[in-house]
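J.: Compact mmCIF, C-alpha atoms, saved as entry-v8.txt, coming up:
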```
# COMPACT_ATOMS: atom_id res chain seq x y z
CA GLN A 1 -11.52 0.89 -15.61
CA VAL A 2 -8.59 0.94 -17.96
CA GLN A 3 -5.99 -1.81 -17.99
CA LEU A 4 -2.54 -1.95 -19.56
CA VAL A 5 -0.77 -5.15 -20.52
CA GLU A 6 2.90 -5.08 -21.48
CA SER A 7 4.85 -7.71 -23.38
CA GLY A 8 8.17 -8.16 -25.13
CA GLY A 9 10.67 -8.09 -22.29
CA GLY A 10 13.41 -10.66 -21.88
CA LEU A 11 17.13 -11.35 -21.79
CA VAL A 12 19.30 -9.89 -24.54
CA GLN A 13 23.02 -9.50 -25.08
CA PRO A 14 24.65 -6.05 -25.13
CA GLY A 15 24.15 -4.45 -28.52
CA GLY A 16 20.97 -6.39 -29.11
CA SER A 17 17.40 -5.23 -29.64
CA LEU A 18 14.00 -5.73 -28.05
CA ARG A 19 10.55 -4.40 -28.84
CA LEU A 20 8.12 -3.77 -26.01
CA SER A 21 4.38 -3.54 -26.57
CA CYS A 22 1.62 -2.21 -24.34
CA VAL A 23 -2.08 -2.55 -25.06
CA ALA A 24 -4.73 -0.50 -23.29
CA SER A 25 -8.21 -1.93 -22.84
CA GLY A 26 -11.40 -1.14 -20.98
CA SER A 27 -13.69 1.84 -21.00
CA ILE A 28 -11.62 4.25 -23.07
CA PHE A 29 -12.95 7.37 -24.73
CA SER A 30 -9.58 8.80 -25.66
CA ILE A 31 -5.90 8.45 -24.79
CA SER A 32 -3.95 11.70 -24.62
CA ALA A 33 -0.54 10.23 -23.87
CA MET A 34 1.27 6.91 -23.47
CA GLY A 35 4.75 6.37 -22.22
CA TRP A 36 7.39 4.03 -20.92
CA TYR A 37 9.16 4.25 -17.58
CA ARG A 38 11.75 1.98 -16.01
CA GLN A 39 12.98 1.12 -12.57
CA ALA A 40 16.30 -0.53 -11.89
CA PRO A 41 17.07 -2.20 -8.53
CA GLY A 42 17.74 0.38 -5.87
CA LYS A 43 16.77 3.27 -8.12
CA GLU A 44 13.70 5.42 -8.58
CA ARG A 45 11.35 4.95 -11.50
CA GLU A 46 12.36 7.20 -14.40
CA LEU A 47 10.78 8.30 -17.65
CA VAL A 48 12.21 6.57 -20.72
CA ALA A 49 9.98 7.89 -23.48
CA ARG A 50 6.58 9.54 -23.73
CA SER A 51 4.26 10.18 -26.66
CA GLY A 52 1.60 12.85 -26.13
CA GLY A 53 1.39 16.19 -27.86
CA THR A 54 5.14 15.83 -28.30
CA ILE A 55 7.60 12.94 -28.03
CA ASN A 56 10.18 13.04 -25.28
CA TYR A 57 13.11 10.74 -24.51
CA GLU A 58 15.40 10.37 -21.55
CA ASP A 59 18.84 11.57 -22.60
CA SER A 60 20.59 8.21 -22.28
CA VAL A 61 18.22 6.49 -24.74
CA LYS A 62 18.10 9.16 -27.44
CA GLY A 63 19.14 7.72 -30.78
CA ARG A 64 18.74 4.14 -29.51
CA PHE A 65 15.08 3.86 -28.46
CA THR A 66 12.01 4.77 -30.49
CA ILE A 67 8.48 5.14 -29.13
CA SER A 68 5.52 4.77 -31.45
CA ARG A 69 1.75 4.43 -31.12
CA ASP A 70 -1.04 2.70 -32.97
CA ASN A 71 -4.01 4.78 -31.87
CA ALA A 72 -6.52 2.49 -33.58
CA LYS A 73 -5.29 -0.36 -31.38
CA ASN A 74 -4.66 1.71 -28.22
CA THR A 75 -1.13 0.37 -28.31
CA VAL A 76 2.28 1.88 -27.65
CA TYR A 77 5.59 0.33 -28.64
CA LEU A 78 9.17 0.87 -27.54
CA GLN A 79 11.80 -0.26 -30.00
CA MET A 80 15.08 -0.60 -28.12
CA ASN A 81 18.29 -0.93 -30.12
CA SER A 82 21.96 -1.00 -29.11
CA LEU A 83 20.98 -2.14 -25.65
CA LYS A 84 23.44 -1.66 -22.80
CA PRO A 85 23.70 -3.39 -19.42
CA GLU A 86 22.60 -0.14 -17.78
CA ASP A 87 19.26 -0.45 -19.59
CA THR A 88 18.46 -3.43 -17.37
CA ALA A 89 15.29 -2.64 -15.43
CA VAL A 90 11.60 -3.36 -15.10
CA TYR A 91 9.84 -1.37 -17.80
CA TYR A 92 6.39 0.00 -17.09
CA CYS A 93 3.80 1.30 -19.51
CA ASN A 94 1.73 4.33 -18.58
CA ALA A 95 -1.35 5.86 -20.19
CA GLU A 96 -3.59 8.82 -19.47
CA GLY A 97 -6.78 10.02 -21.05
CA LEU A 98 -10.56 9.96 -20.65
CA THR A 99 -12.79 7.01 -19.83
CA GLY A 100 -16.09 6.32 -21.51
CA LEU A 101 -17.71 8.31 -18.70
CA GLN A 102 -15.50 11.27 -19.55
CA ARG A 103 -13.40 10.90 -16.42
CA ARG A 104 -9.66 11.34 -16.48
CA PHE A 105 -7.55 8.24 -15.93
CA LEU A 106 -3.87 7.59 -15.28
CA THR A 107 -3.01 3.91 -15.43
CA TRP A 108 0.11 1.77 -15.10
CA GLY A 109 0.92 -1.66 -16.43
CA GLN A 110 2.32 -4.47 -14.35
CA GLY A 111 5.84 -4.13 -15.75
CA THR A 112 8.06 -6.31 -17.91
CA GLN A 113 11.64 -7.24 -17.11
CA VAL A 114 14.42 -6.29 -19.52
CA THR A 115 17.83 -7.75 -18.78
CA VAL A 116 20.88 -6.87 -20.86
CA SER A 117 23.74 -9.22 -20.12
CA SER A 118 26.30 -11.40 -21.85
```
Could you express the structure from this file as structure tokens?
T.:
Amino acid sequence: QVQLVESGGGLVQPGGSLRLSCVASGSIFSISAMGWYRQAPGKERELVARSGGTINYEDSVKGRFTISRDNAKNTVYLQMNSLKPEDTAVYYCNAEGLTGLQRRFLTWGQGTQVTVSS
């Protein structure tokens, strides 16, 4: 099994910054992509940023958020700058790849709350 553990969420004022981290552990042969999604109350989960063969961002975070990976540590980061109240949501990490038994996996983290408020 592959597990993801997120950290770095919290309360921040508008215009502030946060850095989320997500570490993958378990029987991992390779990770083909890692990404961040978010879900606000009453809304569907949406893609924020994804790093695979290419890097993709949701339009509203372009220029403010940056996704990066440390492949040696099986870790993905999300640097969030110029945060807005509408960025408030639970942020989930996602990873896909191959296990040590060469089976495909798609795994989610437990989520970390980000609240942007004055």
J.: Residues within 12 Å of Arg104 (chain A), please, as a PyMOL selection string. Count only C-alpha atoms; anything in the same chain fewer than 3 positions from it doesn't count.
T.: chain A and resi 1-2+27-33+95-101+107
J.: Just the residues within 12 Å of region 85-92 of chain A, please, counting all atoms listed in the file, with nothing from its chain fewer than 5 positions along; format it as a PDB file with C-alpha atoms, keeping the file's coordinate frame.
T.:
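Writing the result to result.pdb gives the following:
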```
ATOM      1  CA  LEU A   4      -2.540  -1.950 -19.560  1.00  0.00           C
ATOM      2  CA  VAL A   5      -0.770  -5.150 -20.520  1.00  0.00           C
ATOM      3  CA  GLU A   6       2.900  -5.080 -21.480  1.00  0.00           C
ATOM      4  CA  SER A   7       4.850  -7.710 -23.380  1.00  0.00           C
ATOM      5  CA  GLY A   8       8.170  -8.160 -25.130  1.00  0.00           C
ATOM      6  CA  GLY A   9      10.670  -8.090 -22.290  1.00  0.00           C
ATOM      7  CA  GLY A  10      13.410 -10.660 -21.880  1.00  0.00           C
ATOM      8  CA  LEU A  11      17.130 -11.350 -21.790  1.00  0.00           C
ATOM      9  CA  VAL A  12      19.300  -9.890 -24.540  1.00  0.00           C
ATOM     10  CA  GLN A  13      23.020  -9.500 -25.080  1.00  0.00           C
ATOM     11  CA  PRO A  14      24.650  -6.050 -25.130  1.00  0.00           C
ATOM     12  CA  GLY A  15      24.150  -4.450 -28.520  1.00  0.00           C
ATOM     13  CA  GLY A  16      20.970  -6.390 -29.110  1.00  0.00           C
ATOM     14  CA  SER A  17      17.400  -5.230 -29.640  1.00  0.00           C
ATOM     15  CA  LEU A  18      14.000  -5.730 -28.050  1.00  0.00           C
ATOM     16  CA  ARG A  19      10.550  -4.400 -28.840  1.00  0.00           C
ATOM     17  CA  LEU A  20       8.120  -3.770 -26.010  1.00  0.00           C
ATOM     18  CA  SER A  21       4.380  -3.540 -26.570  1.00  0.00           C
ATOM     19  CA  CYS A  22       1.620  -2.210 -24.340  1.00  0.00           C
ATOM     20  CA  VAL A  23      -2.080  -2.550 -25.060  1.00  0.00           C
ATOM     21  CA  MET A  34       1.270   6.910 -23.470  1.00  0.00           C
ATOM     22  CA  GLY A  35       4.750   6.370 -22.220  1.00  0.00           C
ATOM     23  CA  TRP A  36       7.390   4.030 -20.920  1.00  0.00           C
ATOM     24  CA  TYR A  37       9.160   4.250 -17.580  1.00  0.00           C
ATOM     25  CA  ARG A  38      11.750   1.980 -16.010  1.00  0.00           C
ATOM     26  CA  GLN A  39      12.980   1.120 -12.570  1.00  0.00           C
ATOM     27  CA  ALA A  40      16.300  -0.530 -11.890  1.00  0.00           C
ATOM     28  CA  PRO A  41      17.070  -2.200  -8.530  1.00  0.00           C
ATOM     29  CA  GLY A  42      17.740   0.380  -5.870  1.00  0.00           C
ATOM     30  CA  LYS A  43      16.770   3.270  -8.120  1.00  0.00           C
ATOM     31  CA  GLU A  44      13.700   5.420  -8.580  1.00  0.00           C
ATOM     32  CA  ARG A  45      11.350   4.950 -11.500  1.00  0.00           C
ATOM     33  CA  GLU A  46      12.360   7.200 -14.400  1.00  0.00           C
ATOM     34  CA  LEU A  47      10.780   8.300 -17.650  1.00  0.00           C
ATOM     35  CA  VAL A  48      12.210   6.570 -20.720  1.00  0.00           C
ATOM     36  CA  ALA A  49       9.980   7.890 -23.480  1.00  0.00           C
ATOM     37  CA  ARG A  50       6.580   9.540 -23.730  1.00  0.00           C
ATOM     38  CA  GLU A  58      15.400  10.370 -21.550  1.00  0.00           C
ATOM     39  CA  SER A  60      20.590   8.210 -22.280  1.00  0.00           C
ATOM     40  CA  VAL A  61      18.220   6.490 -24.740  1.00  0.00           C
ATOM     41  CA  ARG A  64      18.740   4.140 -29.510  1.00  0.00           C
ATOM     42  CA  PHE A  65      15.080   3.860 -28.460  1.00  0.00           C
ATOM     43  CA  VAL A  76       2.280   1.880 -27.650  1.00  0.00           C
ATOM     44  CA  TYR A  77       5.590   0.330 -28.640  1.00  0.00           C
ATOM     45  CA  LEU A  78       9.170   0.870 -27.540  1.00  0.00           C
ATOM     46  CA  MET A  80      15.080  -0.600 -28.120  1.00  0.00           C
ATOM     47  CA  THR A 107      -3.010   3.910 -15.430  1.00  0.00           C
ATOM     48  CA  TRP A 108       0.110   1.770 -15.100  1.00  0.00           C
ATOM     49  CA  GLY A 109       0.920  -1.660 -16.430  1.00  0.00           C
ATOM     50  CA  GLN A 110       2.320  -4.470 -14.350  1.00  0.00           C
ATOM     51  CA  GLY A 111       5.840  -4.130 -15.750  1.00  0.00           C
ATOM     52  CA  THR A 112       8.060  -6.310 -17.910  1.00  0.00           C
ATOM     53  CA  GLN A 113      11.640  -7.240 -17.110  1.00  0.00           C
ATOM     54  CA  VAL A 114      14.420  -6.290 -19.520  1.00  0.00           C
ATOM     55  CA  THR A 115      17.830  -7.750 -18.780  1.00  0.00           C
ATOM     56  CA  VAL A 116      20.880  -6.870 -20.860  1.00  0.00           C
ATOM     57  CA  SER A 117      23.740  -9.220 -20.120  1.00  0.00           C
ATOM     58  CA  SER A 118      26.300 -11.400 -21.850  1.00  0.00           C
TER      59      SER A 118
END
```
J.: Rounded to one decimal place, report the CA of Asp59 (chain A)-CA of Asn71 (chain A) distance in Å.
T.: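 If I compute the distance from CA of Asp59 (chain A) to CA of Asn71 (chain A), I get 25.6 Å.
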J.: Between A:Ala72, A:Gly63, A:Ala24, A:Ile55, which one has atoms that come closest to Cys93 (chain A), using only C-alpha atoms?
T.: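 Distance minimum relative to Cys93 (chain A) lands on A:Ala24.
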J.: Between CA of Leu106 (chain A) and CA of Asn81 (chain A), what is the distance in Å, rounded to a tenth?
T.: 28.0 Å
J.: Please report, as lines of an AutoDock Vina configuration file, the centre and edge lengths in Å to one decimal of an axis-aligned box covering all listed atoms of region 73-81 of chain A with 6 Å per side.
T.:
```
center_x = 6.5
center_y = 0.5
center_z = -29.5
size_x = 35.6
size_y = 14.8
size_z = 15.8
```
J.: Quick one: distance from CA of Asn94 (chain A) to CA of Ser68 (chain A) in Å, one decimal?
T.: 13.4 Å
